[in-house]
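This is structure.cif (mmCIF, C-alpha atoms).
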data_structure
loop_
_atom_site.label_atom_id
_atom_site.label_comp_id
_atom_site.auth_asym_id
_atom_site.auth_seq_id
_atom_site.Cartn_x
_atom_site.Cartn_y
_atom_site.Cartn_z
CA MET A 145 64.11 69.55 21.12
CA ASP A 146 67.44 69.06 19.39
CA LEU A 147 66.94 69.69 15.67
CA TYR A 148 70.36 68.24 14.83
CA LEU A 149 71.36 71.26 12.77
CA LYS A 150 74.67 72.24 14.37
CA GLY A 151 77.32 72.32 11.67
CA LYS A 152 74.90 71.24 8.95
CA SER A 153 75.26 72.78 5.48
CA VAL A 154 72.16 74.82 4.62
CA VAL A 155 71.42 76.76 1.43
CA VAL A 156 68.58 79.31 1.41
CA THR A 157 67.75 81.10 -1.84
CA ALA A 158 66.10 84.54 -2.07
CA ALA A 159 67.26 85.12 1.49
CA SER A 160 68.29 88.77 1.66
CA LYS A 161 64.83 89.83 2.82
CA GLY A 162 61.46 88.57 4.00
CA LEU A 163 60.72 84.92 4.56
CA GLY A 164 64.05 83.77 3.17
CA LYS A 165 66.03 85.93 5.58
CA ALA A 166 63.84 84.94 8.53
CA THR A 167 64.39 81.29 7.65
CA ALA A 168 68.15 81.74 7.33
CA MET A 169 68.15 83.52 10.68
CA GLN A 170 66.40 80.60 12.34
CA PHE A 171 68.87 78.08 10.88
CA ALA A 172 71.75 80.21 12.13
CA GLU A 173 70.14 80.25 15.60
CA GLU A 174 70.31 76.45 15.53
CA GLY A 175 74.04 76.49 14.75
CA ALA A 176 73.88 75.56 11.06
CA HIS A 177 76.37 76.77 8.46
CA VAL A 178 74.11 78.92 6.29
CA LEU A 179 74.73 80.09 2.74
CA ILE A 180 72.22 82.71 1.60
CA SER A 181 71.64 84.00 -1.91
CA SER A 182 69.77 86.67 -3.84
CA ARG A 183 70.43 88.93 -6.83
CA SER A 184 71.70 91.89 -4.79
CA GLU A 185 75.14 91.74 -3.19
CA ASP A 186 74.46 94.86 -1.14
CA GLU A 187 71.31 93.35 0.36
CA LEU A 188 73.06 90.04 0.97
CA GLU A 189 75.89 91.73 2.84
CA LYS A 190 73.35 93.57 5.01
CA ALA A 191 71.45 90.34 5.69
CA ARG A 192 74.63 88.41 6.52
CA THR A 193 75.75 91.11 8.96
CA GLU A 194 72.34 91.18 10.63
CA ILE A 195 72.11 87.39 10.95
CA ILE A 196 75.58 87.13 12.49
CA SER A 197 74.88 90.04 14.85
CA LYS A 198 71.58 88.64 16.09
CA THR A 199 72.57 84.97 16.35
CA GLY A 200 76.27 85.09 17.17
CA ASN A 201 76.81 82.43 14.50
CA GLU A 202 79.81 83.37 12.36
CA HIS A 203 79.17 80.52 9.90
CA VAL A 204 77.02 82.60 7.56
CA ASP A 205 78.09 83.47 4.03
CA TYR A 206 76.45 84.57 0.79
CA GLN A 207 76.56 84.08 -2.95
CA VAL A 208 74.93 86.33 -5.51
CA CYS A 209 72.52 84.18 -7.51
CA ASP A 210 69.73 84.93 -9.94
CA VAL A 211 67.72 81.71 -9.70
CA THR A 212 66.59 82.03 -13.30
CA SER A 213 70.22 81.53 -14.37
CA PRO A 214 71.35 77.86 -14.53
CA SER A 215 75.04 78.80 -14.33
CA GLN A 216 74.50 80.92 -11.22
CA ILE A 217 72.58 78.11 -9.54
CA THR A 218 75.47 75.76 -10.28
CA ALA A 219 77.94 78.27 -8.83
CA LEU A 220 75.81 78.64 -5.70
CA ILE A 221 75.81 74.93 -4.91
CA GLU A 222 79.48 74.60 -5.83
CA LYS A 223 80.27 77.28 -3.25
CA ALA A 224 78.20 75.52 -0.59
CA VAL A 225 80.02 72.24 -1.22
CA ALA A 226 83.45 73.92 -1.28
CA TRP A 227 82.63 75.65 2.01
CA ASN A 228 80.98 72.80 3.91
CA GLY A 229 81.74 69.64 1.94
CA THR A 230 78.10 68.94 1.06
CA VAL A 231 74.55 70.31 1.19
CA ASP A 232 72.38 68.85 3.95
CA VAL A 233 69.43 71.20 3.57
CA LEU A 234 68.10 73.12 0.59
CA ILE A 235 65.44 75.79 1.04
CA ASN A 236 64.06 76.76 -2.35
CA ASN A 237 62.60 80.25 -2.35
CA ALA A 238 61.97 82.90 -5.00
CA GLY A 239 60.16 86.17 -5.38
CA GLY A 240 56.59 85.94 -6.56
CA PRO A 241 55.41 86.81 -10.07
CA PRO A 242 53.34 89.96 -10.69
CA ALA A 243 49.70 90.16 -9.71
CA GLY A 244 47.06 90.09 -12.41
CA SER A 245 44.32 88.12 -14.14
CA PHE A 246 44.47 85.91 -17.23
CA ASP A 247 44.02 88.72 -19.77
CA ASP A 248 46.87 90.73 -18.25
CA PHE A 249 49.66 88.39 -19.35
CA ALA A 250 51.34 87.40 -22.60
CA ASP A 251 53.43 84.31 -23.32
CA GLU A 252 56.63 85.94 -22.09
CA ASP A 253 55.02 86.66 -18.71
CA TRP A 254 54.05 83.01 -18.34
CA GLN A 255 57.54 81.90 -19.34
CA GLU A 256 59.19 84.26 -16.84
CA ALA A 257 56.92 83.05 -14.01
CA PHE A 258 57.62 79.43 -14.93
CA GLU A 259 61.37 79.97 -14.85
CA LEU A 260 61.25 81.92 -11.59
CA ASN A 261 58.81 79.86 -9.56
CA LEU A 262 59.11 76.30 -10.85
CA LEU A 263 62.07 75.68 -13.13
CA SER A 264 64.47 77.41 -10.71
CA PHE A 265 63.42 74.98 -7.97
CA THR A 266 63.90 72.04 -10.31
CA ARG A 267 67.38 73.17 -11.30
CA THR A 268 68.53 73.79 -7.72
CA ILE A 269 67.25 70.39 -6.60
CA ARG A 270 69.11 68.79 -9.51
CA GLU A 271 72.34 70.38 -8.30
CA VAL A 272 72.07 69.22 -4.67
CA LEU A 273 70.77 65.69 -5.23
CA PRO A 274 74.13 64.06 -6.08
CA HIS A 275 75.50 65.19 -2.72
CA MET A 276 72.43 64.11 -0.78
CA LYS A 277 72.32 60.75 -2.54
CA GLN A 278 75.98 60.16 -1.80
CA GLN A 279 75.44 60.68 1.94
CA GLN A 280 72.00 59.01 1.85
CA SER A 281 70.31 61.88 3.63
CA GLY A 282 68.98 65.35 3.06
CA HIS A 283 66.07 67.72 3.43
CA ILE A 284 64.57 69.85 0.65
CA LEU A 285 61.84 72.35 1.34
CA ASN A 286 60.07 74.40 -1.32
CA ILE A 287 58.50 77.68 -0.22
CA ALA A 288 55.32 78.36 -2.18
CA SER A 289 52.10 80.12 -1.14
CA SER A 290 48.83 79.39 0.61
CA SER A 291 47.43 79.07 -2.93
CA ILE A 292 48.66 75.46 -2.82
CA LYS A 293 45.45 74.86 -0.87
CA GLN A 294 43.15 77.62 -2.12
CA SER A 295 43.68 79.90 -5.12
CA LEU A 296 44.16 83.61 -4.51
CA ASP A 297 42.32 86.34 -6.40
CA ASN A 298 44.29 88.26 -9.04
CA LEU A 299 47.33 85.96 -8.74
CA ILE A 300 46.88 83.57 -11.67
CA LEU A 301 50.59 83.18 -12.36
CA SER A 302 51.39 82.35 -8.76
CA ASN A 303 48.38 80.05 -8.43
CA THR A 304 49.49 78.07 -11.48
CA PHE A 305 53.16 77.56 -10.73
CA ARG A 306 52.83 77.12 -6.95
CA ALA A 307 50.57 74.16 -7.71
CA GLY A 308 53.31 72.82 -9.95
CA THR A 309 55.73 73.03 -7.04
CA VAL A 310 53.47 70.75 -5.01
CA GLY A 311 53.42 68.22 -7.83
CA LEU A 312 57.20 68.34 -8.10
CA SER A 313 57.65 67.88 -4.35
CA LYS A 314 55.15 65.05 -4.09
CA SER A 315 56.63 63.15 -7.01
CA LEU A 316 60.20 63.57 -5.79
CA SER A 317 59.26 62.54 -2.26
CA GLN A 318 58.26 59.15 -3.66
CA GLU A 319 61.44 58.80 -5.71
CA LEU A 320 63.81 59.87 -2.94
CA ALA A 321 62.30 58.41 0.23
CA ALA A 322 64.34 55.19 0.09
CA GLU A 323 67.49 57.31 0.10
CA ASN A 324 66.39 59.16 3.24
CA ILE A 325 65.89 62.45 1.36
CA LEU A 326 62.76 64.21 2.56
CA ILE A 327 61.03 66.91 0.53
CA ASN A 328 58.07 69.07 1.52
CA THR A 329 56.29 72.26 0.48
CA VAL A 330 55.29 75.08 2.82
CA GLY A 331 52.96 77.87 1.77
CA PRO A 332 52.81 81.16 3.67
CA GLY A 333 49.51 82.91 4.14
CA ARG A 334 49.34 86.59 5.02
CA ILE A 335 52.79 87.08 6.51
CA ALA A 336 54.05 90.62 7.13
CA THR A 337 56.67 90.92 4.37
CA ASP A 338 57.48 93.46 1.66
CA ARG A 339 55.96 91.10 -0.93
CA VAL A 340 52.61 91.04 0.90
CA ALA A 341 52.71 94.81 1.33
CA ASP A 342 53.18 95.18 -2.44
CA LEU A 343 50.28 92.82 -3.15
CA ASP A 344 48.06 94.72 -0.73
CA ALA A 345 48.94 97.99 -2.48
CA SER A 346 48.24 96.48 -5.91
CA LYS A 347 44.88 95.14 -4.81
CA ALA A 348 43.92 98.43 -3.18
CA GLU A 349 44.73 100.31 -6.38
CA LYS A 350 42.68 97.90 -8.48
CA LEU A 351 39.68 98.17 -6.13
CA GLY A 352 40.06 101.91 -5.62
CA VAL A 353 40.14 101.64 -1.84
CA PRO A 354 42.69 102.55 0.87
CA VAL A 355 45.42 99.99 1.55
CA ALA A 356 44.28 99.84 5.17
CA ASP A 357 40.90 98.46 4.04
CA VAL A 358 42.60 95.67 2.11
CA GLN A 359 44.87 94.84 5.03
CA GLU A 360 41.99 94.74 7.49
CA LYS A 361 40.07 92.30 5.29
CA ALA A 362 43.14 90.20 4.47
CA ALA A 363 44.01 89.83 8.13
CA GLY A 364 40.65 88.19 8.74
CA SER A 365 42.08 84.82 9.76
CA PRO A 366 40.80 83.20 12.95
CA MET A 367 43.87 84.72 14.63
CA GLN A 368 42.86 88.17 13.29
CA ARG A 369 46.35 89.30 12.35
CA TYR A 370 49.11 88.86 9.81
CA GLY A 371 51.76 86.33 10.72
CA GLU A 372 55.32 87.28 11.49
CA PRO A 373 58.19 85.99 9.31
CA GLU A 374 59.70 84.28 12.36
CA GLU A 375 56.54 82.26 12.88
CA PHE A 376 56.72 80.97 9.34
CA ALA A 377 60.44 80.29 9.59
CA ARG A 378 60.08 78.05 12.63
CA ALA A 379 57.77 75.70 10.73
CA VAL A 380 60.17 75.58 7.78
CA VAL A 381 63.21 74.90 9.92
CA PHE A 382 61.58 72.02 11.76
CA LEU A 383 60.47 70.28 8.56
CA ALA A 384 63.95 70.73 7.07
CA SER A 385 65.82 69.60 10.17
CA GLY A 386 67.04 66.36 11.67
CA GLY A 387 64.09 66.61 14.03
CA ASN A 388 61.90 65.60 11.10
CA THR A 389 62.65 62.03 10.10
CA TYR A 390 59.30 60.82 8.70
CA VAL A 391 57.32 63.72 7.22
CA THR A 392 57.78 63.90 3.44
CA GLY A 393 55.68 64.71 0.39
CA GLN A 394 53.46 67.06 2.38
CA ALA A 395 52.08 70.51 1.60
CA LEU A 396 51.62 72.67 4.70
CA VAL A 397 50.19 76.16 4.92
CA VAL A 398 51.22 78.56 7.67
CA ASP A 399 48.35 81.01 7.60
CA GLY A 400 46.75 81.36 11.03
CA GLY A 401 43.85 79.13 9.92
CA LEU A 402 42.78 81.41 7.06
CA VAL A 403 42.42 78.65 4.46
CA LYS A 404 39.37 76.57 5.30
CA ALA A 405 39.36 74.17 2.33
CA LEU A 406 41.78 71.25 2.22
#

Would you kindly transcribe this structure into structure tokens?
Amino acid sequence: MDLYLKGKSVVVTAASKGLGKATAMQFAEEGAHVLISSRSEDELEKARTEIISKTGNEHVDYQVCDVTSPSQITALIEKAVAWNGTVDVLINNAGGPPAGSFDDFADEDWQEAFELNLLSFTRTIREVLPHMKQQQSGHILNIASSSIKQSLDNLILSNTFRAGTVGLSKSLSQELAAENILINTVGPGRIATDRVADLDASKAEKLGVPVADVQEKAAGSPMQRYGEPEEFARAVVFLASGGNTYVTGQALVVDGGLVKAL
């Protein structure tokens, strides 16, 4: 299937590692012009070099961007437009907030999680929409968590603001559909990333059990394993590509069938 991504301008945030990098890699495989961002220039340079080496696509660049900073978000999209003339695809991604229960967090923790996992997405969308509206086309995809379908223990901050991302995506999908701008949310389940490894370690410490015990239980999806970042990335890239012309306002989990409730 032709995903119509060759030469398309793609921005992927939080893309120096994990799911963001895997997603950027997949876009590069399809011939897109990919701009990646994160807070670390060293990690971005490593990711850029790896993506070019593995895909043979030289049209990969980076911009340092802390997505909690409005000015850095503006600079990121300005660079994408200066480089490629527009933004065809935006992949909103951000690191997750700390694990914990309600009593663990003060107001400042809630504010930081809000700015990282919801307001940053809103701001980045605001920056790309003028370009997408001008060309009457675009794809926006918000990466969230499987908690968009079923809340996760000891992750109250993530559970709260990931749900907000779904509301944002659904509302915008209605507002933007007539302009051929499609927006969806994808939530990863237990995918083998550094973030999941950290959560497993945190949970093991709280329960007083070996990390291996937590991982064995967490991998108890019908497929009986953690997913690979590449498996998640393929779903994201399809939904955010020209191959998808009619799916919008949806919330999809990529979790090997782990979530049973809809």

Original post:
Can you list, as a ChimeraX atom specification, the residues that the PyMOL selection byres ((chain A and resi 257) around 9) selects here?
Top reply: /A:240-242,252-256,258-262,301-302,305

Proximity of segment 230-273 of chain A to segment 174-195 of chain A: per-residue shortest pair, 12 Å limit, only C-alpha atoms, as a tab-separated table:
residue	atom	partner	partner_atom	distance
A:Thr230	CA	A:His177	CA	10.9
A:Val231	CA	A:His177	CA	9.9
A:Asp232	CA	A:Ala176	CA	9.9
A:Val233	CA	A:Val178	CA	9.4
A:Leu234	CA	A:Leu179	CA	9.9
A:Ile235	CA	A:Ile180	CA	9.7
A:Asn236	CA	A:Ser181	CA	10.5
A:Asn237	CA	A:Ser182	CA	9.7
A:Ala238	CA	A:Ser182	CA	8.7
A:Gly239	CA	A:Ser182	CA	9.7

For this file, the PyMOL selection byres ((chain A and resi 371) around 10) selects which residues, as a PDB file with C-alpha atoms, keeping the file's coordinate frame?
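Contents of out18.pdb, as written:
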ATOM      1  CA  PRO A 332      52.810  81.160   3.670  1.00  0.00           C
ATOM      2  CA  GLY A 333      49.510  82.910   4.140  1.00  0.00           C
ATOM      3  CA  ARG A 334      49.340  86.590   5.020  1.00  0.00           C
ATOM      4  CA  ILE A 335      52.790  87.080   6.510  1.00  0.00           C
ATOM      5  CA  ALA A 336      54.050  90.620   7.130  1.00  0.00           C
ATOM      6  CA  THR A 337      56.670  90.920   4.370  1.00  0.00           C
ATOM      7  CA  ALA A 363      44.010  89.830   8.130  1.00  0.00           C
ATOM      8  CA  SER A 365      42.080  84.820   9.760  1.00  0.00           C
ATOM      9  CA  MET A 367      43.870  84.720  14.630  1.00  0.00           C
ATOM     10  CA  GLN A 368      42.860  88.170  13.290  1.00  0.00           C
ATOM     11  CA  ARG A 369      46.350  89.300  12.350  1.00  0.00           C
ATOM     12  CA  TYR A 370      49.110  88.860   9.810  1.00  0.00           C
ATOM     13  CA  GLU A 372      55.320  87.280  11.490  1.00  0.00           C
ATOM     14  CA  PRO A 373      58.190  85.990   9.310  1.00  0.00           C
ATOM     15  CA  GLU A 374      59.700  84.280  12.360  1.00  0.00           C
ATOM     16  CA  GLU A 375      56.540  82.260  12.880  1.00  0.00           C
ATOM     17  CA  PHE A 376      56.720  80.970   9.340  1.00  0.00           C
ATOM     18  CA  VAL A 398      51.220  78.560   7.670  1.00  0.00           C
ATOM     19  CA  ASP A 399      48.350  81.010   7.600  1.00  0.00           C
ATOM     20  CA  GLY A 400      46.750  81.360  11.030  1.00  0.00           C
TER      21      GLY A 400
END

Original post:
So what does the PyMOL selection byres ((chain A and resi 286-297) around 7) actually pick up in this one, as a ChimeraX atom specification?
Top reply: /A:235-237,284-285,298-299,303,306-307,328-333,397,403,405-406

**OP:** Might you pull out every residue within 10 Å of segment 323-325 of chain A, with all atoms listed in the file counted and same-chain residues fewer than 5 positions away left off, and present them as a PyMOL selection string?
**Re:** chain A and resi 232-233+273+276-284+316-318+389-390+392

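Taking all atoms listed in the file into account, Lys161 of chain A lies nearest to A:Arg339 out of the set A:Gly386, A:Gly229, A:Ser346, A:Arg339.
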
**OP:** Give the answer as one residue: which of A:Thr304, A:Ser313, A:Gln216, A:Ser385 has the shortest atom-to-atom distance to Phe171 of chain A, using all atoms listed in the file?
**Re:**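 Under the stated criterion, the closest residue is A:Ser385.
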
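Distances from A:Ala341, A:Thr212, A:Lys165, A:His275 to Ala226 of chain A were compared using only C-alpha atoms, and the smallest one belongs to A:His275.
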
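Atom CA of Arg267 of chain A lies 6.9 Å from atom CA of Pro214 of chain A.
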